[in-house]
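Novice: For reference, the file data.tsv (TSV, N, CA and C atoms) is included below:
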chain	number	residue	atom	x	y	z
Z	203	MET	N	0.87	-1.17	0.00
Z	203	MET	CA	0.00	0.00	0.00
Z	203	MET	C	0.91	1.23	0.00
Z	204	THR	N	0.65	2.16	-0.88
Z	204	THR	CA	1.52	3.33	-0.96
Z	204	THR	C	0.89	4.60	-0.41
Z	205	LYS	N	-0.42	4.68	-0.37
Z	205	LYS	CA	-1.05	5.91	0.10
Z	205	LYS	C	-2.21	5.59	1.02
Z	206	PRO	N	-2.56	6.54	1.88
Z	206	PRO	CA	-3.74	6.32	2.72
Z	206	PRO	C	-5.00	6.25	1.85
Z	207	LEU	N	-5.92	5.39	2.25
Z	207	LEU	CA	-7.18	5.24	1.55
Z	207	LEU	C	-8.29	5.96	2.31
Z	208	LEU	N	-9.28	6.45	1.57
Z	208	LEU	CA	-10.50	6.94	2.16
Z	208	LEU	C	-11.45	5.74	2.17
Z	209	ILE	N	-11.76	5.22	3.37
Z	209	ILE	CA	-12.52	3.99	3.50
Z	209	ILE	C	-13.89	4.28	4.09
Z	210	LEU	N	-14.94	3.98	3.31
Z	210	LEU	CA	-16.31	4.13	3.78
Z	210	LEU	C	-16.65	2.95	4.68
Z	211	ILE	N	-17.14	3.24	5.86
Z	211	ILE	CA	-17.60	2.21	6.79
Z	211	ILE	C	-19.10	2.04	6.56
Z	212	ALA	N	-19.50	0.87	6.11
Z	212	ALA	CA	-20.90	0.62	5.76
Z	212	ALA	C	-21.47	-0.47	6.66
Z	213	GLY	N	-22.66	-0.21	7.17
Z	213	GLY	CA	-23.34	-1.18	8.02
Z	213	GLY	C	-24.69	-0.63	8.42
Z	214	PRO	N	-25.39	-1.34	9.28
Z	214	PRO	CA	-26.72	-0.87	9.69
Z	214	PRO	C	-26.68	0.49	10.37
Z	215	TYR	N	-27.61	1.35	9.99
Z	215	TYR	CA	-27.81	2.63	10.67
Z	215	TYR	C	-29.27	2.69	11.13
Z	216	ARG	N	-30.19	2.75	10.19
Z	216	ARG	CA	-31.62	2.75	10.55
Z	216	ARG	C	-32.20	1.34	10.59
Z	217	SER	N	-31.58	0.42	9.90
Z	217	SER	CA	-32.10	-0.95	9.79
Z	217	SER	C	-32.32	-1.58	11.16
Z	218	GLY	N	-33.47	-2.20	11.31
Z	218	GLY	CA	-33.76	-2.93	12.53
Z	218	GLY	C	-34.06	-2.07	13.75
Z	219	THR	N	-34.22	-0.77	13.55
Z	219	THR	CA	-34.43	0.12	14.70
Z	219	THR	C	-35.88	0.51	14.90
Z	220	GLY	N	-36.71	0.36	13.88
Z	220	GLY	CA	-38.08	0.83	13.97
Z	220	GLY	C	-38.15	2.33	14.21
Z	221	GLY	N	-37.08	3.04	13.86
Z	221	GLY	CA	-37.03	4.49	14.05
Z	221	GLY	C	-36.70	4.92	15.47
Z	222	ASP	N	-36.37	3.99	16.35
Z	222	ASP	CA	-36.03	4.31	17.74
Z	222	ASP	C	-34.70	5.05	17.78
Z	223	PRO	N	-34.69	6.31	18.24
Z	223	PRO	CA	-33.45	7.10	18.26
Z	223	PRO	C	-32.32	6.45	19.06
Z	224	ALA	N	-32.65	5.75	20.13
Z	224	ALA	CA	-31.60	5.10	20.94
Z	224	ALA	C	-30.94	3.97	20.15
Z	225	LEU	N	-31.74	3.21	19.42
Z	225	LEU	CA	-31.18	2.12	18.61
Z	225	LEU	C	-30.39	2.66	17.43
Z	226	ILE	N	-30.87	3.74	16.83
Z	226	ILE	CA	-30.13	4.37	15.73
Z	226	ILE	C	-28.78	4.86	16.25
Z	227	ALA	N	-28.78	5.49	17.42
Z	227	ALA	CA	-27.53	5.98	18.02
Z	227	ALA	C	-26.58	4.82	18.31
Z	228	ARG	N	-27.13	3.71	18.76
Z	228	ARG	CA	-26.28	2.53	19.02
Z	228	ARG	C	-25.66	2.02	17.72
Z	229	ASN	N	-26.45	1.99	16.64
Z	229	ASN	CA	-25.91	1.56	15.35
Z	229	ASN	C	-24.80	2.50	14.88
Z	230	LEU	N	-25.00	3.81	15.05
Z	230	LEU	CA	-23.96	4.77	14.65
Z	230	LEU	C	-22.70	4.55	15.48
Z	231	ALA	N	-22.86	4.30	16.78
Z	231	ALA	CA	-21.70	4.04	17.63
Z	231	ALA	C	-20.95	2.80	17.16
Z	232	THR	N	-21.69	1.78	16.72
Z	232	THR	CA	-21.04	0.57	16.20
Z	232	THR	C	-20.23	0.89	14.94
Z	233	LEU	N	-20.81	1.70	14.05
Z	233	LEU	CA	-20.08	2.11	12.86
Z	233	LEU	C	-18.81	2.87	13.25
Z	234	GLU	N	-18.95	3.77	14.22
Z	234	GLU	CA	-17.83	4.62	14.62
Z	234	GLU	C	-16.71	3.84	15.31
Z	235	GLU	N	-17.03	2.69	15.90
Z	235	GLU	CA	-16.00	1.87	16.55
Z	235	GLU	C	-14.92	1.43	15.57
Z	236	ALA	N	-15.24	1.35	14.30
Z	236	ALA	CA	-14.25	0.95	13.29
Z	236	ALA	C	-13.36	2.10	12.86
Z	237	ALA	N	-13.73	3.33	13.19
Z	237	ALA	CA	-12.98	4.50	12.72
Z	237	ALA	C	-11.56	4.54	13.27
Z	238	GLY	N	-11.41	4.34	14.56
Z	238	GLY	CA	-10.07	4.39	15.17
Z	238	GLY	C	-9.11	3.37	14.59
Z	239	PRO	N	-9.52	2.09	14.52
Z	239	PRO	CA	-8.62	1.10	13.92
Z	239	PRO	C	-8.23	1.42	12.47
Z	240	ILE	N	-9.18	1.95	11.69
Z	240	ILE	CA	-8.85	2.32	10.31
Z	240	ILE	C	-7.84	3.45	10.30
Z	241	PHE	N	-8.02	4.42	11.17
Z	241	PHE	CA	-7.08	5.53	11.27
Z	241	PHE	C	-5.70	5.03	11.69
Z	242	ARG	N	-5.66	4.11	12.66
Z	242	ARG	CA	-4.36	3.57	13.11
Z	242	ARG	C	-3.65	2.81	12.00
Z	243	LEU	N	-4.38	2.28	11.03
Z	243	LEU	CA	-3.77	1.61	9.89
Z	243	LEU	C	-3.22	2.60	8.86
Z	244	GLY	N	-3.43	3.90	9.12
Z	244	GLY	CA	-2.90	4.92	8.23
Z	244	GLY	C	-3.89	5.45	7.21
Z	245	HIS	N	-5.17	5.11	7.37
Z	245	HIS	CA	-6.19	5.52	6.41
Z	245	HIS	C	-7.13	6.56	7.00
Z	246	VAL	N	-8.05	7.05	6.18
Z	246	VAL	CA	-9.06	8.01	6.61
Z	246	VAL	C	-10.41	7.29	6.63
Z	247	PRO	N	-11.00	7.12	7.82
Z	247	PRO	CA	-12.32	6.49	7.87
Z	247	PRO	C	-13.41	7.50	7.53
Z	248	MET	N	-14.49	7.01	6.94
Z	248	MET	CA	-15.63	7.86	6.61
Z	248	MET	C	-16.91	7.06	6.82
Z	249	ILE	N	-17.90	7.71	7.39
Z	249	ILE	CA	-19.23	7.12	7.55
Z	249	ILE	C	-20.20	8.06	6.84
Z	250	GLY	N	-21.04	7.50	5.99
Z	250	GLY	CA	-21.95	8.32	5.20
Z	250	GLY	C	-22.82	9.24	6.05
Z	251	GLU	N	-23.24	8.76	7.20
Z	251	GLU	CA	-24.08	9.57	8.08
Z	251	GLU	C	-23.36	10.80	8.59
Z	252	TRP	N	-22.04	10.74	8.72
Z	252	TRP	CA	-21.28	11.92	9.14
Z	252	TRP	C	-21.49	13.05	8.15
Z	253	ALA	N	-21.65	12.72	6.89
Z	253	ALA	CA	-21.89	13.73	5.86
Z	253	ALA	C	-23.38	14.02	5.69
Z	254	ALA	N	-24.22	13.00	5.76
Z	254	ALA	CA	-25.64	13.16	5.45
Z	254	ALA	C	-26.45	13.85	6.55
Z	255	LEU	N	-26.13	13.60	7.80
Z	255	LEU	CA	-26.94	14.17	8.88
Z	255	LEU	C	-26.93	15.69	8.90
Z	256	PRO	N	-25.80	16.37	8.72
Z	256	PRO	CA	-25.85	17.83	8.65
Z	256	PRO	C	-26.64	18.34	7.44
Z	257	ILE	N	-26.59	17.59	6.35
Z	257	ILE	CA	-27.38	17.97	5.17
Z	257	ILE	C	-28.87	17.90	5.51
Z	258	LEU	N	-29.28	16.81	6.12
Z	258	LEU	CA	-30.69	16.66	6.50
Z	258	LEU	C	-31.15	17.78	7.43
Z	259	ARG	N	-30.28	18.19	8.36
Z	259	ARG	CA	-30.65	19.24	9.30
Z	259	ARG	C	-30.81	20.60	8.63
Z	260	THR	N	-30.21	20.78	7.46
Z	260	THR	CA	-30.26	22.09	6.81
Z	260	THR	C	-31.23	22.16	5.64
Z	261	LEU	N	-31.87	21.05	5.30
Z	261	LEU	CA	-32.87	21.05	4.23
Z	261	LEU	C	-34.24	21.34	4.83
Z	262	ASP	N	-35.08	21.98	4.05
Z	262	ASP	CA	-36.46	22.13	4.54
Z	262	ASP	C	-37.18	20.79	4.36
Z	263	ALA	N	-38.34	20.66	4.97
Z	263	ALA	CA	-39.06	19.38	4.99
Z	263	ALA	C	-39.35	18.86	3.59
Z	264	ALA	N	-39.75	19.73	2.68
Z	264	ALA	CA	-40.07	19.30	1.31
Z	264	ALA	C	-38.83	18.74	0.62
Z	265	GLU	N	-37.70	19.40	0.77
Z	265	GLU	CA	-36.46	18.91	0.16
Z	265	GLU	C	-36.05	17.57	0.77
Z	266	ALA	N	-36.14	17.47	2.08
Z	266	ALA	CA	-35.73	16.24	2.76
Z	266	ALA	C	-36.60	15.06	2.36
Z	267	GLU	N	-37.88	15.32	2.09
Z	267	GLU	CA	-38.80	14.24	1.73
Z	267	GLU	C	-38.80	13.92	0.24
Z	268	SER	N	-38.17	14.74	-0.58
Z	268	SER	CA	-38.22	14.55	-2.03
Z	268	SER	C	-37.33	13.39	-2.50
Z	269	GLY	N	-36.47	12.89	-1.66
Z	269	GLY	CA	-35.59	11.77	-2.02
Z	269	GLY	C	-34.96	11.24	-0.76
Z	270	ASP	N	-34.13	10.24	-0.89
Z	270	ASP	CA	-33.46	9.69	0.29
Z	270	ASP	C	-32.07	10.30	0.37
Z	271	VAL	N	-31.94	11.29	1.21
Z	271	VAL	CA	-30.68	12.02	1.35
Z	271	VAL	C	-29.55	11.09	1.80
Z	272	MET	N	-29.87	10.15	2.66
Z	272	MET	CA	-28.84	9.23	3.15
Z	272	MET	C	-28.24	8.42	2.01
Z	273	TYR	N	-29.11	7.81	1.20
Z	273	TYR	CA	-28.61	7.00	0.08
Z	273	TYR	C	-27.90	7.86	-0.95
Z	274	GLU	N	-28.46	9.02	-1.25
Z	274	GLU	CA	-27.85	9.89	-2.26
Z	274	GLU	C	-26.49	10.40	-1.79
Z	275	THR	N	-26.37	10.73	-0.52
Z	275	THR	CA	-25.08	11.19	0.00
Z	275	THR	C	-24.05	10.08	-0.10
Z	276	ALA	N	-24.43	8.87	0.29
Z	276	ALA	CA	-23.50	7.74	0.21
Z	276	ALA	C	-23.09	7.49	-1.24
Z	277	HIS	N	-24.05	7.58	-2.16
Z	277	HIS	CA	-23.75	7.38	-3.58
Z	277	HIS	C	-22.71	8.40	-4.06
Z	278	ARG	N	-22.91	9.66	-3.70
Z	278	ARG	CA	-21.96	10.70	-4.10
Z	278	ARG	C	-20.61	10.50	-3.42
Z	279	LEU	N	-20.65	10.15	-2.14
Z	279	LEU	CA	-19.42	9.96	-1.38
Z	279	LEU	C	-18.58	8.83	-1.96
Z	280	LEU	N	-19.23	7.78	-2.43
Z	280	LEU	CA	-18.50	6.65	-3.00
Z	280	LEU	C	-17.75	7.01	-4.27
Z	281	GLN	N	-18.05	8.14	-4.87
Z	281	GLN	CA	-17.28	8.60	-6.03
Z	281	GLN	C	-15.89	9.06	-5.61
Z	282	HIS	N	-15.70	9.25	-4.30
Z	282	HIS	CA	-14.42	9.73	-3.78
Z	282	HIS	C	-13.70	8.71	-2.91
Z	283	CYS	N	-14.38	7.65	-2.52
Z	283	CYS	CA	-13.79	6.66	-1.64
Z	283	CYS	C	-12.91	5.69	-2.42
Z	284	ASP	N	-11.95	5.12	-1.70
Z	284	ASP	CA	-11.02	4.16	-2.30
Z	284	ASP	C	-11.37	2.72	-1.95
Z	285	ALA	N	-12.18	2.53	-0.90
Z	285	ALA	CA	-12.53	1.18	-0.45
Z	285	ALA	C	-13.73	1.29	0.49
Z	286	VAL	N	-14.31	0.13	0.80
Z	286	VAL	CA	-15.43	0.06	1.73
Z	286	VAL	C	-15.17	-1.05	2.73
Z	287	LEU	N	-15.48	-0.78	4.00
Z	287	LEU	CA	-15.50	-1.80	5.03
Z	287	LEU	C	-16.96	-2.10	5.31
Z	288	ARG	N	-17.40	-3.33	5.05
Z	288	ARG	CA	-18.80	-3.73	5.29
Z	288	ARG	C	-18.87	-4.43	6.63
Z	289	LEU	N	-19.53	-3.79	7.59
Z	289	LEU	CA	-19.73	-4.39	8.90
Z	289	LEU	C	-20.92	-5.33	8.85
Z	290	PRO	N	-20.99	-6.29	9.77
Z	290	PRO	CA	-22.10	-7.24	9.79
Z	290	PRO	C	-23.44	-6.57	10.10
Z	291	GLY	N	-24.49	-7.21	9.65
Z	291	GLY	CA	-25.84	-6.77	9.96
Z	291	GLY	C	-26.62	-6.44	8.71
Z	292	ALA	N	-27.90	-6.69	8.77
Z	292	ALA	CA	-28.79	-6.41	7.64
Z	292	ALA	C	-28.89	-4.91	7.43
Z	293	SER	N	-28.68	-4.48	6.19
Z	293	SER	CA	-28.79	-3.06	5.85
Z	293	SER	C	-28.89	-2.91	4.34
Z	294	ALA	N	-30.05	-2.44	3.90
Z	294	ALA	CA	-30.23	-2.20	2.46
Z	294	ALA	C	-29.26	-1.13	1.97
Z	295	GLY	N	-29.06	-0.09	2.78
Z	295	GLY	CA	-28.14	0.98	2.38
Z	295	GLY	C	-26.70	0.49	2.26
Z	296	ALA	N	-26.25	-0.31	3.23
Z	296	ALA	CA	-24.89	-0.84	3.16
Z	296	ALA	C	-24.75	-1.79	1.97
Z	297	ASP	N	-25.78	-2.57	1.70
Z	297	ASP	CA	-25.74	-3.46	0.53
Z	297	ASP	C	-25.65	-2.65	-0.75
Z	298	GLN	N	-26.36	-1.52	-0.79
Z	298	GLN	CA	-26.29	-0.64	-1.95
Z	298	GLN	C	-24.87	-0.04	-2.08
Z	299	ASP	N	-24.27	0.32	-0.96
Z	299	ASP	CA	-22.89	0.83	-0.99
Z	299	ASP	C	-21.95	-0.21	-1.57
Z	300	ILE	N	-22.13	-1.47	-1.18
Z	300	ILE	CA	-21.28	-2.54	-1.69
Z	300	ILE	C	-21.49	-2.72	-3.19
Z	301	ALA	N	-22.71	-2.64	-3.64
Z	301	ALA	CA	-22.99	-2.77	-5.07
Z	301	ALA	C	-22.29	-1.66	-5.85
Z	302	ILE	N	-22.35	-0.44	-5.34
Z	302	ILE	CA	-21.69	0.68	-6.02
Z	302	ILE	C	-20.17	0.49	-5.99
Z	303	ALA	N	-19.64	0.10	-4.85
Z	303	ALA	CA	-18.19	-0.12	-4.74
Z	303	ALA	C	-17.74	-1.21	-5.70
Z	304	THR	N	-18.49	-2.28	-5.77
Z	304	THR	CA	-18.14	-3.39	-6.67
Z	304	THR	C	-18.19	-2.93	-8.12
Z	305	GLU	N	-19.22	-2.17	-8.46
Z	305	GLU	CA	-19.35	-1.63	-9.81
Z	305	GLU	C	-18.15	-0.75	-10.17
Z	306	ARG	N	-17.66	0.01	-9.19
Z	306	ARG	CA	-16.52	0.89	-9.41
Z	306	ARG	C	-15.18	0.16	-9.31
Z	307	GLY	N	-15.19	-1.12	-8.93
Z	307	GLY	CA	-13.96	-1.89	-8.80
Z	307	GLY	C	-13.18	-1.59	-7.53
Z	308	LEU	N	-13.88	-1.08	-6.51
Z	308	LEU	CA	-13.21	-0.76	-5.25
Z	308	LEU	C	-13.08	-2.01	-4.38
Z	309	PRO	N	-12.03	-2.08	-3.59
Z	309	PRO	CA	-11.94	-3.19	-2.64
Z	309	PRO	C	-13.06	-3.10	-1.61
Z	310	VAL	N	-13.62	-4.25	-1.27
Z	310	VAL	CA	-14.63	-4.34	-0.21
Z	310	VAL	C	-14.05	-5.27	0.85
Z	311	TYR	N	-13.83	-4.72	2.03
Z	311	TYR	CA	-13.30	-5.49	3.15
Z	311	TYR	C	-14.46	-5.91	4.04
Z	312	ARG	N	-14.37	-7.09	4.60
Z	312	ARG	CA	-15.42	-7.63	5.48
Z	312	ARG	C	-14.97	-7.64	6.94
Z	313	SER	N	-13.72	-7.29	7.18
Z	313	SER	CA	-13.21	-7.20	8.56
Z	313	SER	C	-12.04	-6.22	8.58
Z	314	LEU	N	-11.77	-5.68	9.74
Z	314	LEU	CA	-10.64	-4.77	9.89
Z	314	LEU	C	-9.32	-5.47	9.57
Z	315	GLU	N	-9.26	-6.76	9.86
Z	315	GLU	CA	-8.03	-7.54	9.62
Z	315	GLU	C	-7.68	-7.63	8.14
Z	316	GLU	N	-8.65	-7.46	7.26
Z	316	GLU	CA	-8.40	-7.53	5.82
Z	316	GLU	C	-7.79	-6.24	5.27
Z	317	ILE	N	-7.88	-5.15	6.01
Z	317	ILE	CA	-7.42	-3.86	5.50
Z	317	ILE	C	-5.90	-3.76	5.63
Z	318	PRO	N	-5.19	-3.56	4.52
Z	318	PRO	CA	-3.73	-3.43	4.61
Z	318	PRO	C	-3.35	-2.07	5.20
Z	319	ALA	N	-2.25	-2.05	5.88
Z	319	ALA	CA	-1.75	-0.79	6.45
Z	319	ALA	C	-1.19	0.09	5.32
Z	320	ALA	N	-1.34	1.38	5.48
Z	320	ALA	CA	-0.75	2.33	4.53
Z	320	ALA	C	0.75	2.39	4.81
Z	321	ALA	N	1.51	2.70	3.77
Z	321	ALA	CA	2.95	2.85	3.94
Z	321	ALA	C	3.23	4.08	4.80
Z	322	THR	N	4.16	3.97	5.70
Z	322	THR	CA	4.51	5.11	6.54
Z	322	THR	C	5.47	6.01	5.77
Z	323	PRO	N	5.34	7.32	5.98
Z	323	PRO	CA	6.20	8.26	5.23
Z	323	PRO	C	7.65	8.15	5.62
Give the structure from this file in structure tokens form.
Specialist:
Amino acid sequence: MTKPLLILIAGPYRSGTGGDPALIARNLATLEEAAGPIFRLGHVPMIGEWAALPILRTLDAAEAESGDVMYETAHRLLQHCDAVLRLPGASAGADQDIAIATERGLPVYRSLEEIPAAATP
């Protein structure tokens, strides 16, 4: 590996929560647990919700309801990512991220152990 990668962490966020804010927060915390290890490997971790949630907060209700901001943000973000880490758990959004990554020829990792370390400067 010669350069740090921008790695999207994909996994359940809203899936299986029934809209319960506490369960959604727990899912986000699970996604975020992978950020530190990815950073220690020399890469830049990214979670789509980190980008999408501020967007949702700044759109008016009509704009927010006109499409799925979460999926659209992830789709746009994947145009800049170098790889994806797919965490366990049912998630249509994460599955869509994997489909886009595969279509783009990006590596898809299924565990932190699969991610190679970036070369140190």
Novice: Taking into account all atoms listed in the file, which residue in the set Z:Leu261, Z:Ala236, Z:Leu210, Z:Leu230 is nearest to Met248 in chain Z?
Specialist: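 Among the listed residues, Z:Leu210 lies closest to Met248 in chain Z.
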Novice: Could you find all residues in chain Z that DSSP calls strand (DSSP E) from the backbone, and write them as a ChimeraX atom specification?
Specialist: /Z:208-212,246-248,285-288,310-311
Novice: Which polymer residues have any atom within 9 Å of an atom of Leu280 in chain Z, counting only C-alpha atoms, with same-chain residues fewer than 2 positions away left out, as a list of chain:residue names?
Specialist: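 Contacts, with the query itself left out: Z:Leu210, Z:Thr275, Z:Ala276, Z:His277, Z:Arg278, Z:His282, Z:Cys283, Z:Asp284, Z:Ala285, Z:Val286, Z:Asp299, Z:Ile302, Z:Ala303, Z:Arg306.
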Novice: Which one of Z:Leu314, Z:Ala321, Z:Leu289, Z:Ala301 sits closest to Pro239 in chain Z if you count all atoms listed in the file?
Specialist: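 Of Z:Leu314, Z:Ala321, Z:Leu289, Z:Ala301, the one nearest Pro239 in chain Z, counting all atoms listed in the file, is Z:Leu314.
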Novice: Measure the distance from atom N of Ala237 in chain Z to atom C of Ala254 in chain Z in Å and round it to one decimal.
Specialist: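 Here the two named atoms are 17.8 Å from each other.
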Novice: When DSSP is applied to the backbone of this structure, which of chain Z are assigned helix (DSSP H, G or I)? Write them out as JSON, numbers by chain.
Specialist: {"Z": [223, 224, 225, 226, 227, 228, 229, 230, 231, 232, 233, 234, 235, 237, 238, 239, 240, 241, 242, 250, 251, 252, 253, 254, 255, 256, 257, 258, 259, 260, 263, 264, 265, 266, 267, 271, 272, 273, 274, 275, 276, 277, 278, 279, 294, 295, 296, 297, 298, 299, 300, 301, 302, 303, 304, 305, 306, 314, 315, 316]}
Novice: Find the distance between atom N of Leu243 in chain Z and CA of Tyr311 in chain Z and write it in Å to one decimal.
Specialist: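 Here the two named atoms are 14.2 Å from each other.
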Novice: Which of these, Z:Gly291, Z:Gly213, Z:Gly221, Z:Gly244, has the shortest distance to Ala319 in chain Z once you count only N, CA and C atoms?
Specialist: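 Among the listed residues, the smallest separation from Ala319 in chain Z belongs to Z:Gly244.
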Novice: What does the distance between CA of Tyr215 in chain Z and CA of Leu258 in chain Z come to in Å, to one decimal place?
Specialist: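 Distance reported for this atom pair: 14.9 Å.
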Novice: From (-20.9, 5.6, 5.4), in the file's coordinates, out to 6 Å: which residues are reached, counting only N, CA and C atoms? Answer as a ChimeraX atom specification.
Specialist: /Z:210-212,248-251
Novice: Deliver the residues from the most recent selection as a file, using N, CA and C atoms, as a PDB file, keeping the file's coordinate frame.
Specialist:
ATOM      1  N   LEU Z 210     -14.940   3.980   3.310  1.00  0.00           N
ATOM      2  CA  LEU Z 210     -16.310   4.130   3.780  1.00  0.00           C
ATOM      3  C   LEU Z 210     -16.650   2.950   4.680  1.00  0.00           C
ATOM      4  N   ILE Z 211     -17.140   3.240   5.860  1.00  0.00           N
ATOM      5  CA  ILE Z 211     -17.600   2.210   6.790  1.00  0.00           C
ATOM      6  C   ILE Z 211     -19.100   2.040   6.560  1.00  0.00           C
ATOM      7  N   ALA Z 212     -19.500   0.870   6.110  1.00  0.00           N
ATOM      8  CA  ALA Z 212     -20.900   0.620   5.760  1.00  0.00           C
ATOM      9  C   ALA Z 212     -21.470  -0.470   6.660  1.00  0.00           C
ATOM     10  N   MET Z 248     -14.490   7.010   6.940  1.00  0.00           N
ATOM     11  CA  MET Z 248     -15.630   7.860   6.610  1.00  0.00           C
ATOM     12  C   MET Z 248     -16.910   7.060   6.820  1.00  0.00           C
ATOM     13  N   ILE Z 249     -17.900   7.710   7.390  1.00  0.00           N
ATOM     14  CA  ILE Z 249     -19.230   7.120   7.550  1.00  0.00           C
ATOM     15  C   ILE Z 249     -20.200   8.060   6.840  1.00  0.00           C
ATOM     16  N   GLY Z 250     -21.040   7.500   5.990  1.00  0.00           N
ATOM     17  CA  GLY Z 250     -21.950   8.320   5.200  1.00  0.00           C
ATOM     18  C   GLY Z 250     -22.820   9.240   6.050  1.00  0.00           C
ATOM     19  N   GLU Z 251     -23.240   8.760   7.200  1.00  0.00           N
ATOM     20  CA  GLU Z 251     -24.080   9.570   8.080  1.00  0.00           C
ATOM     21  C   GLU Z 251     -23.360  10.800   8.590  1.00  0.00           C
TER      22      GLU Z 251
END
Novice: Restricting the calculation to all atoms listed in the file: of Z:Val271, Z:Leu207, Z:Ile300, Z:Ala224, which residue gets closest to Ile257 in chain Z?
Specialist: Z:Val271
Novice: Go through Z:Ser313, Z:Asn229, Z:Asp270, Z:Gly307 and flag the residue nearest Arg288 in chain Z, using all atoms listed in the file for the distances.
Specialist: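 Counting all atoms listed in the file, the residue closest to Arg288 in chain Z is Z:Ser313.
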Novice: Determine the nearest neighbour of Phe241 in chain Z from the options Z:Pro206, Z:Arg312, Z:Ala253, Z:Gly220, counting only C-alpha atoms.
Specialist: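 Selected residue with least distance to Phe241 in chain Z: Z:Pro206.
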